[in-house]
Amino acid sequence: MTALRALVRKELAVLFGSPVAWLTLAAIGLVTALLFFDHLRVYNQILFLYASSTMGGFESDTVPAYVNLRDQVFLPVMETLALTLVGLVPLVTMGVFAEERARGTDELLATTLLTPNQIVAGKLIATYGFIALALGLSFVYPATSIVRSGLGLPHLLAVYLGLFGLGIALASVGVVCSAFTSSQLIAAISAYAIAFVLYDFRWMAQFLPDAAAQAIDPLSMHLRFGAFAEGLVRGADLAYFAGYVLVAFALCRLALDQARVR
Amino acid sequence: MRELAWLGAVALLASVGSFYTSSKFGFFGWANAVAGATALLAAFVLWLRRARGLGSPAARRMLMPSVFGVVAALVLAYGLERAADRANLVWDWTADDRYTLAPATREALAKLPAPLIATLYVEPGDNRARSTRLLLETLAEAGAGRVTRRERSLGESPEDVDRYQIESSNTVVLAMGERAETVVRPTEGTIFEGLRHLRADHGQVLYVARGEGEGDLQRGDDAGFLGLAEALKTEGFTVRELVTAAMSAVPADASVVLLVAPQRPLRAEAIAALESWLGRGGRLVALLEPGVDSGVEALLERWGFGLPDEVIVDPASGPVEGDAPGVNPIVFQYATHPATHGLDGTRMTFFRRTRPVLAQRKPEADDELRAVAFASRRSWLAPNAAAVQRGAAPEEPEERREDYWPVLAVGAFPRPGGETRIAVFGDADFASNRYLRALYNLDLLMNTIHWVAQREDEITLRPKTLTPDQYPLTPQQSLEMLFGVGLLIPELCVAAAAWTWVRRRGA
Amino acid sequence: MSNTIRRGAAIEVTALTRRFGDRPVLVDINLGIAAGESFGLLGANGAGKTTFIRLLTGYLVPSSGTVTVDGFSPISDARAVHERIGFVAETSRLYPELRVRGFLRFAGGVRGLSGAPLRDAVDRALARFTLEDVALRPIGNLSKGYQQRVNLAQAFLHDPALLIVDEPTAGLDPLQQAEVRRELREAAGARTVLLCTHDLSEARELATRVAVLSRGRLVACGPTAEILGSGDPLALFRGQEVGA
């Protein structure tokens, strides 16, 4: 465990020793903040328009049900944040193994007391920790608004749980891609390709029979994240995202072993 | 090999990306998909050839456990997900328990006489459908196999659009046998009403008195009672008009007679017809406003109801819509009775300028007569009812008596022709379009009517139609939070990025 | 750095062969390195030296044959082997983002050190290799000479019984080269040292026995003076087998 802890600390130190990680955090936080504010501004305008006496007054039930903080502000921002993760996470994960291999420092790791399983676990833990930090930082601003408006923190937590699951899944894909190459560019591009394929299977419905399209739909990340975005935490969705961790671990271990017998 | 794999991935990415930008697969998408798949396949074949070199015993010993590990991980992941799905572990963290079905909905699903098919009609890209899908999943789960959910694209179902008169995306059609109900804005509440519509046999006829300025059940504005008419139909009644001006007897098929705030005295013949009908086991629900003498008050007094022409003033209730404080009591005190089923201190009802309705004296020993809904203990009666109705402030009487003044009283009176049931409300505004769906007004009124009609199995607390919170945040508040928190953290991260970059350049 | 090791680790290589696909990189290598010996592995670029090291550390798996360190296989007994190994790779194999002290703490941590023993080991290493002045500087900002000192320092943190040094003076200027060789000489002690180099003078200076690889085959093995002292040592690099 000492060796594993040391590896995790090193991974985070290397990650944050690069401007890319900080800029990724800034981008996620900025996207959340600006989108949230913009949607909030428009929502306020609509609301006060309905609240004016010419529209019957705020108490007169003339405000349509769909004009509310959740549907007009909260959910659109979270959808965009989910897509932002799809765009940014591969940039964070592309170097996890690939950069190590390109530098030759993987050979250094191989001479330590770290087992291959620990190497994989340490890198995955550090990557997931970064995702959690990025989401945690972006959580602060919406949480302030939500608590102030009285909508309820549990729903917000459900959304961020879904975002974390989505981030985990994307990070798992990215780390696996990084494990099979020494080129960060290839790792990033392949991670994008796989992430876009897995994100939403609507594109497959174009040329699959209805039954087949419905069968593979539960594999899509977007569908699984969607339930969290609606405030519903389902065990099956949690298991789905946890499955990415399991498979990523196994694939990364395969990549390390394959490199040793190539 | 790697170059081929890379090119294949790029082509596939372009193909999928083209779908997202145009929502369909065109030539560009297809060409890239084919090229990408071909390149990836070629890379895989090359890898296989190269992997033959991995055939040494040592390599096999090293790789086989890892390969099995991948297979095991896939199986385990799939198994975990399936097991979790079967276990149906679901936590509803929405602010309004949107996906936790009310007992009434579960009861309605359990009482389905035939299998139900719930079809969602949606246009691609309609994000509202996600919430509806989850709701339908929840309903299907609770329906124990009797509820099937489907989804159809709106554009590809023109026949259904005509047949079910679907006007917008995110519409649910509930079909049970030959009957179908279109739910326009699907929420648990509207779907519940749709289920009741489907189940309703409309066997019982409810007559609504007309002719003396009563509330108009065909008016759709705030002061009208169209919502009440719709709710009665949803609850399974056939609603008909009873023109009291020409009435000599209550129709034989009447289950219930409903009086909604007559503004002028009923003709003597109408009063006599009502009294005769009640004496033979008739059933009456009266919504009577203060400041009006309709002649029904005297009839009701003969059945033991006291209806002083005063207005309840409840200091515990604040001013509403410009009225004087206290003349619009929020009621949260209820006696235990089927009419007040489920109502308590957290499920309140709202009345507007209401008169007290007292249970004074049972006509006969076996009769039951009770007040069942009360204003707060601090409420008192203002004598200038007519003036208060016109907007004046309530006058305080010389001797102000504070008490739990009742707004609803009910009575059951066994008679030779059957059991007479009467319910009297001291207000009609609470049932108007403006207020019927406020708080739990609908539940109180409908449950009372069901009790009067001896349909106790229909008494329930109805799921709320969605009214999400609409707490406004002022632009100033939003701006404060943006600069105070929203931009500060990204700014610090950018500063850290710059510092890291400078440090790496060896400044 | 204290020479606390009482004895080095012995290396035994039997019929070791490694192929990359159909291309043989090492063919039927038989070699024994005694505990405490300073052994040089020579060869031109591409001769197979680095592959040999990778097989020894377990980074690669042999196609056939065996290699053991003190009787332990780097494949099946990886932990036992890695406890005994300190590895000095080429200078580029460090983490430029990490500060020197932070990197050494990491290197010690992944070798099982923690708490006070780790702090002490890092402090000793910083002192031993004259890195105290640059302890808080990012490795990427150091000169090649300092980076190689960091490289050496991390290999000694856990007092290894076997020190594997791969091209330790590659890319260094003559002064830096002399300094590194001095460090190695002083730090060797009772350790087994396996030095991989294509620099003959370095081999003469640091190794008591050498082996020469040419195109994956062992073409010479014996005392340094004997193998490199007479004739045309470069002929060995061309693949002409001499001695055993």
# chains A, B, ... in the order shown; residues from 1 in each chain; ligands from 1
>>> closest_atom_pairs(of="chain B", to="chain A", cutoff="7 Å", atoms="only C-alpha atoms", output="CSV")
residue,atom,partner,partner_atom,distance
B:Trp6,CA,A:Ile186,CA,6.4
B:Ala9,CA,A:Ser190,CA,5.7
B:Val10,CA,A:Ile189,CA,6.9
B:Leu12,CA,A:Ala193,CA,6.6
B:Leu13,CA,A:Ala193,CA,4.7
B:Val16,CA,A:Val197,CA,6.9
B:Phe19,CA,A:Trp203,CA,6.3
B:Leu54,CA,A:Arg262,CA,6.6
B:Ala59,CA,A:Val261,CA,5.5
B:Met62,CA,A:Asp257,CA,6.6
B:Leu63,CA,A:Asp257,CA,6.2
B:Ser66,CA,A:Leu254,CA,5.0
B:Val67,CA,A:Leu254,CA,6.5
B:Gly69,CA,A:Ala250,CA,5.7
B:Val70,CA,A:Ala250,CA,4.8
B:Ala73,CA,A:Val247,CA,5.1
B:Leu74,CA,A:Val247,CA,5.9
B:Ala77,CA,A:Gly243,CA,4.3
B:Leu80,CA,A:Ala239,CA,5.9
B:Glu81,CA,A:Ala239,CA,4.9
B:Arg82,CA,A:Ala236,CA,6.9
B:Ala84,CA,A:Ala236,CA,4.7
B:Asp85,CA,A:Ala236,CA,4.7
B:Leu89,CA,A:Gly235,CA,4.9
B:Val90,CA,A:Arg234,CA,4.4
B:Trp91,CA,A:Val233,CA,5.0
B:Asp92,CA,A:Leu232,CA,4.9
B:Trp93,CA,A:Gly231,CA,5.1
B:Thr94,CA,A:Gly231,CA,4.7
B:Ala95,CA,A:Gly152,CA,5.5
B:Ser131,CA,A:Glu230,CA,6.4
B:Thr467,CA,A:Ala65,CA,5.8
B:Pro468,CA,A:Asn68,CA,6.3
B:Asp469,CA,A:Asn68,CA,6.4
B:Gln470,CA,A:Asn68,CA,5.1
B:Tyr471,CA,A:Ser149,CA,5.8
B:Pro472,CA,A:Asn44,CA,6.5
B:Leu473,CA,A:Asn44,CA,6.7
B:Thr474,CA,A:Asn44,CA,6.7
B:Pro475,CA,A:Arg41,CA,6.4
B:Ser478,CA,A:Phe37,CA,6.7
B:Leu482,CA,A:Phe37,CA,6.7
B:Val485,CA,A:Tyr141,CA,5.7
B:Gly486,CA,A:Ala33,CA,4.9
B:Leu487,CA,A:Leu30,CA,6.5
B:Ile489,CA,A:Gly29,CA,6.9
B:Pro490,CA,A:Ala26,CA,4.1
B:Glu491,CA,A:Ala26,CA,7.0
B:Cys493,CA,A:Ala26,CA,5.2
B:Val494,CA,A:Leu23,CA,5.9
B:Ala496,CA,A:Trp22,CA,6.5
B:Ala497,CA,A:Pro19,CA,4.3
B:Ala498,CA,A:Pro19,CA,6.9
B:Thr500,CA,A:Pro19,CA,5.9
B:Trp501,CA,A:Pro19,CA,5.9
>>> residues_around(residues="Arg215 (chain C)", least_positions_apart="5", cutoff="8 Å", atoms="only C-alpha atoms", output="mmCIF file with C-alpha atoms, in the first residue's frame")
data_model
loop_
_atom_site.group_PDB
_atom_site.id
_atom_site.type_symbol
_atom_site.label_atom_id
_atom_site.label_comp_id
_atom_site.auth_asym_id
_atom_site.auth_seq_id
_atom_site.Cartn_x
_atom_site.Cartn_y
_atom_site.Cartn_z
ATOM 1 C CA VAL C 25 17.196 -9.879 -30.458
ATOM 2 C CA LEU C 26 18.948 -12.122 -27.984
ATOM 3 C CA GLY C 46 21.269 -2.516 -31.173
ATOM 4 C CA ALA C 47 23.349 -5.393 -29.875
ATOM 5 C CA GLY C 48 20.747 -6.317 -27.289
ATOM 6 C CA GLY C 239 30.641 -10.168 -34.056
#
>>> select_by_dssp(residues="region 296-362 of chain B", states="strand (DSSP E or B)", output="list in words")
Phe305, Gly306, Val311, Ile312, Val313, Ile330, Val331, Gln333, Tyr334, Thr349, Phe350, Leu358 and Ala359 of chain B
>>> interface_residues(of="chain C", to="chain B", cutoff="8 Å", atoms="only C-alpha atoms", output="number ranges by chain")
C: 20-22, 61-64, 96-97, 138, 140-141
>>> write_last_selection(atoms="N, CA and C atoms", output="PDB file, in the first residue's frame")
ATOM      1  N   PHE C  20      11.483 -10.320 -31.086  1.00  0.00           N
ATOM      2  CA  PHE C  20      10.379  -9.380 -31.302  1.00  0.00           C
ATOM      3  C   PHE C  20       9.725  -9.797 -32.619  1.00  0.00           C
ATOM      4  N   GLY C  21       8.590 -10.457 -32.532  1.00  0.00           N
ATOM      5  CA  GLY C  21       7.987 -11.044 -33.720  1.00  0.00           C
ATOM      6  C   GLY C  21       8.870 -12.170 -34.206  1.00  0.00           C
ATOM      7  N   ASP C  22       9.326 -12.092 -35.469  1.00  0.00           N
ATOM      8  CA  ASP C  22      10.218 -13.109 -36.006  1.00  0.00           C
ATOM      9  C   ASP C  22      11.683 -12.713 -35.880  1.00  0.00           C
ATOM     10  N   VAL C  61       9.466 -10.297 -21.013  1.00  0.00           N
ATOM     11  CA  VAL C  61       9.417 -11.721 -20.708  1.00  0.00           C
ATOM     12  C   VAL C  61      10.256 -12.454 -21.750  1.00  0.00           C
ATOM     13  N   PRO C  62      11.114 -13.399 -21.334  1.00  0.00           N
ATOM     14  CA  PRO C  62      11.927 -14.116 -22.319  1.00  0.00           C
ATOM     15  C   PRO C  62      11.061 -14.943 -23.269  1.00  0.00           C
ATOM     16  N   SER C  63      11.529 -15.099 -24.475  1.00  0.00           N
ATOM     17  CA  SER C  63      10.874 -16.029 -25.392  1.00  0.00           C
ATOM     18  C   SER C  63      11.192 -17.461 -24.971  1.00  0.00           C
ATOM     19  N   SER C  64      12.428 -17.639 -24.489  1.00  0.00           N
ATOM     20  CA  SER C  64      12.793 -18.930 -23.913  1.00  0.00           C
ATOM     21  C   SER C  64      14.012 -18.713 -23.031  1.00  0.00           C
ATOM     22  N   PRO C  96      10.080  15.298 -15.383  1.00  0.00           N
ATOM     23  CA  PRO C  96      10.525  16.703 -15.355  1.00  0.00           C
ATOM     24  C   PRO C  96       9.628  17.616 -14.521  1.00  0.00           C
ATOM     25  N   GLU C  97       8.376  17.197 -14.308  1.00  0.00           N
ATOM     26  CA  GLU C  97       7.472  18.082 -13.544  1.00  0.00           C
ATOM     27  C   GLU C  97       7.760  18.045 -12.054  1.00  0.00           C
ATOM     28  N   PRO C 138      12.451  21.820 -10.083  1.00  0.00           N
ATOM     29  CA  PRO C 138      11.909  20.778 -10.960  1.00  0.00           C
ATOM     30  C   PRO C 138      13.038  20.086 -11.714  1.00  0.00           C
ATOM     31  N   GLY C 140      13.100  18.884 -14.590  1.00  0.00           N
ATOM     32  CA  GLY C 140      13.209  19.353 -15.960  1.00  0.00           C
ATOM     33  C   GLY C 140      14.050  20.601 -16.116  1.00  0.00           C
ATOM     34  N   ASN C 141      14.250  21.332 -15.019  1.00  0.00           N
ATOM     35  CA  ASN C 141      15.039  22.561 -15.084  1.00  0.00           C
ATOM     36  C   ASN C 141      16.520  22.344 -14.781  1.00  0.00           C
TER      37      ASN C 141
END
>>> select_by_dssp(residues="region 92-201 of chain A", states="alpha helix (DSSP H)", output="count of residues only")
91
>>> residues_around(residues="Gly322 (chain B)", least_positions_apart="4", cutoff="12 Å", atoms="only C-alpha atoms", output="PyMOL selection string")
(chain A and resi 59) or (chain B and resi 318+326-328+352+391-393)
>>> atom_distance(atom1="CA of Ile227 (chain C)", atom2="CA of Asn30 (chain C)")
17.1 Å
>>> closest_atom_pairs(of="chain A", to="chain C", cutoff="8 Å", atoms="only C-alpha atoms", output="JSON lines")
{"residue": "A:Thr2", "atom": "CA", "partner": "C:Gly112", "partner_atom": "CA", "distance": 5.9}
{"residue": "A:Ala3", "atom": "CA", "partner": "C:Val110", "partner_atom": "CA", "distance": 3.9}
{"residue": "A:Leu4", "atom": "CA", "partner": "C:Val110", "partner_atom": "CA", "distance": 7.0}
{"residue": "A:Arg5", "atom": "CA", "partner": "C:Gly109", "partner_atom": "CA", "distance": 7.8}
{"residue": "A:Ala6", "atom": "CA", "partner": "C:Gly109", "partner_atom": "CA", "distance": 5.1}
{"residue": "A:Leu7", "atom": "CA", "partner": "C:Val110", "partner_atom": "CA", "distance": 6.7}
{"residue": "A:Arg9", "atom": "CA", "partner": "C:Phe106", "partner_atom": "CA", "distance": 7.9}
{"residue": "A:Lys10", "atom": "CA", "partner": "C:Phe106", "partner_atom": "CA", "distance": 6.4}
{"residue": "A:Ala13", "atom": "CA", "partner": "C:Leu98", "partner_atom": "CA", "distance": 6.9}
{"residue": "A:Val14", "atom": "CA", "partner": "C:Glu97", "partner_atom": "CA", "distance": 5.8}
{"residue": "A:Gly17", "atom": "CA", "partner": "C:Glu97", "partner_atom": "CA", "distance": 5.2}
{"residue": "A:Ser18", "atom": "CA", "partner": "C:Glu97", "partner_atom": "CA", "distance": 7.1}
{"residue": "A:Arg103", "atom": "CA", "partner": "C:Arg93", "partner_atom": "CA", "distance": 5.7}
{"residue": "A:Gly104", "atom": "CA", "partner": "C:Arg93", "partner_atom": "CA", "distance": 5.2}
{"residue": "A:Thr105", "atom": "CA", "partner": "C:Arg93", "partner_atom": "CA", "distance": 4.9}
{"residue": "A:Glu107", "atom": "CA", "partner": "C:Tyr59", "partner_atom": "CA", "distance": 6.5}
{"residue": "A:Leu108", "atom": "CA", "partner": "C:Phe87", "partner_atom": "CA", "distance": 7.2}
{"residue": "A:Ala110", "atom": "CA", "partner": "C:Tyr59", "partner_atom": "CA", "distance": 5.9}
{"residue": "A:Thr111", "atom": "CA", "partner": "C:His82", "partner_atom": "CA", "distance": 5.5}
{"residue": "A:Thr112", "atom": "CA", "partner": "C:Arg111", "partner_atom": "CA", "distance": 5.5}
{"residue": "A:Leu113", "atom": "CA", "partner": "C:Arg111", "partner_atom": "CA", "distance": 5.3}
{"residue": "A:Leu114", "atom": "CA", "partner": "C:Val110", "partner_atom": "CA", "distance": 6.4}
{"residue": "A:Thr115", "atom": "CA", "partner": "C:Arg79", "partner_atom": "CA", "distance": 7.9}
{"residue": "A:Ala259", "atom": "CA", "partner": "C:Leu60", "partner_atom": "CA", "distance": 7.6}
{"residue": "A:Arg260", "atom": "CA", "partner": "C:Leu60", "partner_atom": "CA", "distance": 4.3}
{"residue": "A:Val261", "atom": "CA", "partner": "C:Val61", "partner_atom": "CA", "distance": 5.4}
{"residue": "A:Arg262", "atom": "CA", "partner": "C:Phe20", "partner_atom": "CA", "distance": 6.3}
>>> residues_around(residues="Asp429 (chain B)", least_positions_apart="4", cutoff="10 Å", atoms="only C-alpha atoms", output="PyMOL selection string")
chain B and resi 215+222-225+260-261+287-289+350-354+433-436
>>> write_last_selection(atoms="C-alpha atoms", output="PDB file, in the first residue's frame")
ATOM      1  CA  GLY B 215     -71.334  28.984 -10.683  1.00  0.00           C
ATOM      2  CA  ASP B 222     -60.616  32.167 -13.102  1.00  0.00           C
ATOM      3  CA  ALA B 223     -64.116  32.666 -11.730  1.00  0.00           C
ATOM      4  CA  GLY B 224     -65.616  29.781 -13.677  1.00  0.00           C
ATOM      5  CA  PHE B 225     -65.967  26.158 -12.707  1.00  0.00           C
ATOM      6  CA  VAL B 260     -72.631  25.771  -6.548  1.00  0.00           C
ATOM      7  CA  ALA B 261     -73.274  29.111  -4.891  1.00  0.00           C
ATOM      8  CA  LEU B 287     -71.322  25.103  -1.814  1.00  0.00           C
ATOM      9  CA  LEU B 288     -72.877  28.172  -0.256  1.00  0.00           C
ATOM     10  CA  GLU B 289     -71.391  31.641  -0.214  1.00  0.00           C
ATOM     11  CA  PHE B 350     -57.689  27.060   1.012  1.00  0.00           C
ATOM     12  CA  PHE B 351     -61.003  28.896   1.243  1.00  0.00           C
ATOM     13  CA  ARG B 352     -61.981  32.374   0.172  1.00  0.00           C
ATOM     14  CA  ARG B 353     -64.399  34.413   2.251  1.00  0.00           C
ATOM     15  CA  THR B 354     -66.223  31.482   3.745  1.00  0.00           C
ATOM     16  CA  ASN B 433     -60.869  27.299 -11.719  1.00  0.00           C
ATOM     17  CA  ARG B 434     -58.589  29.692  -9.847  1.00  0.00           C
ATOM     18  CA  TYR B 435     -58.318  27.654  -6.686  1.00  0.00           C
ATOM     19  CA  LEU B 436     -59.557  24.122  -7.336  1.00  0.00           C
TER      20      LEU B 436
END
>>> closest_residue(among="B:Trp47, B:Tyr20, B:Trp30, B:Tyr78", to="Leu219 (chain A)", atoms="only C-alpha atoms")
B:Tyr78
>>> atom_distance(atom1="CA of Ala126 (chain A)", atom2="CA of Ala125 (chain C)")
27.5 Å
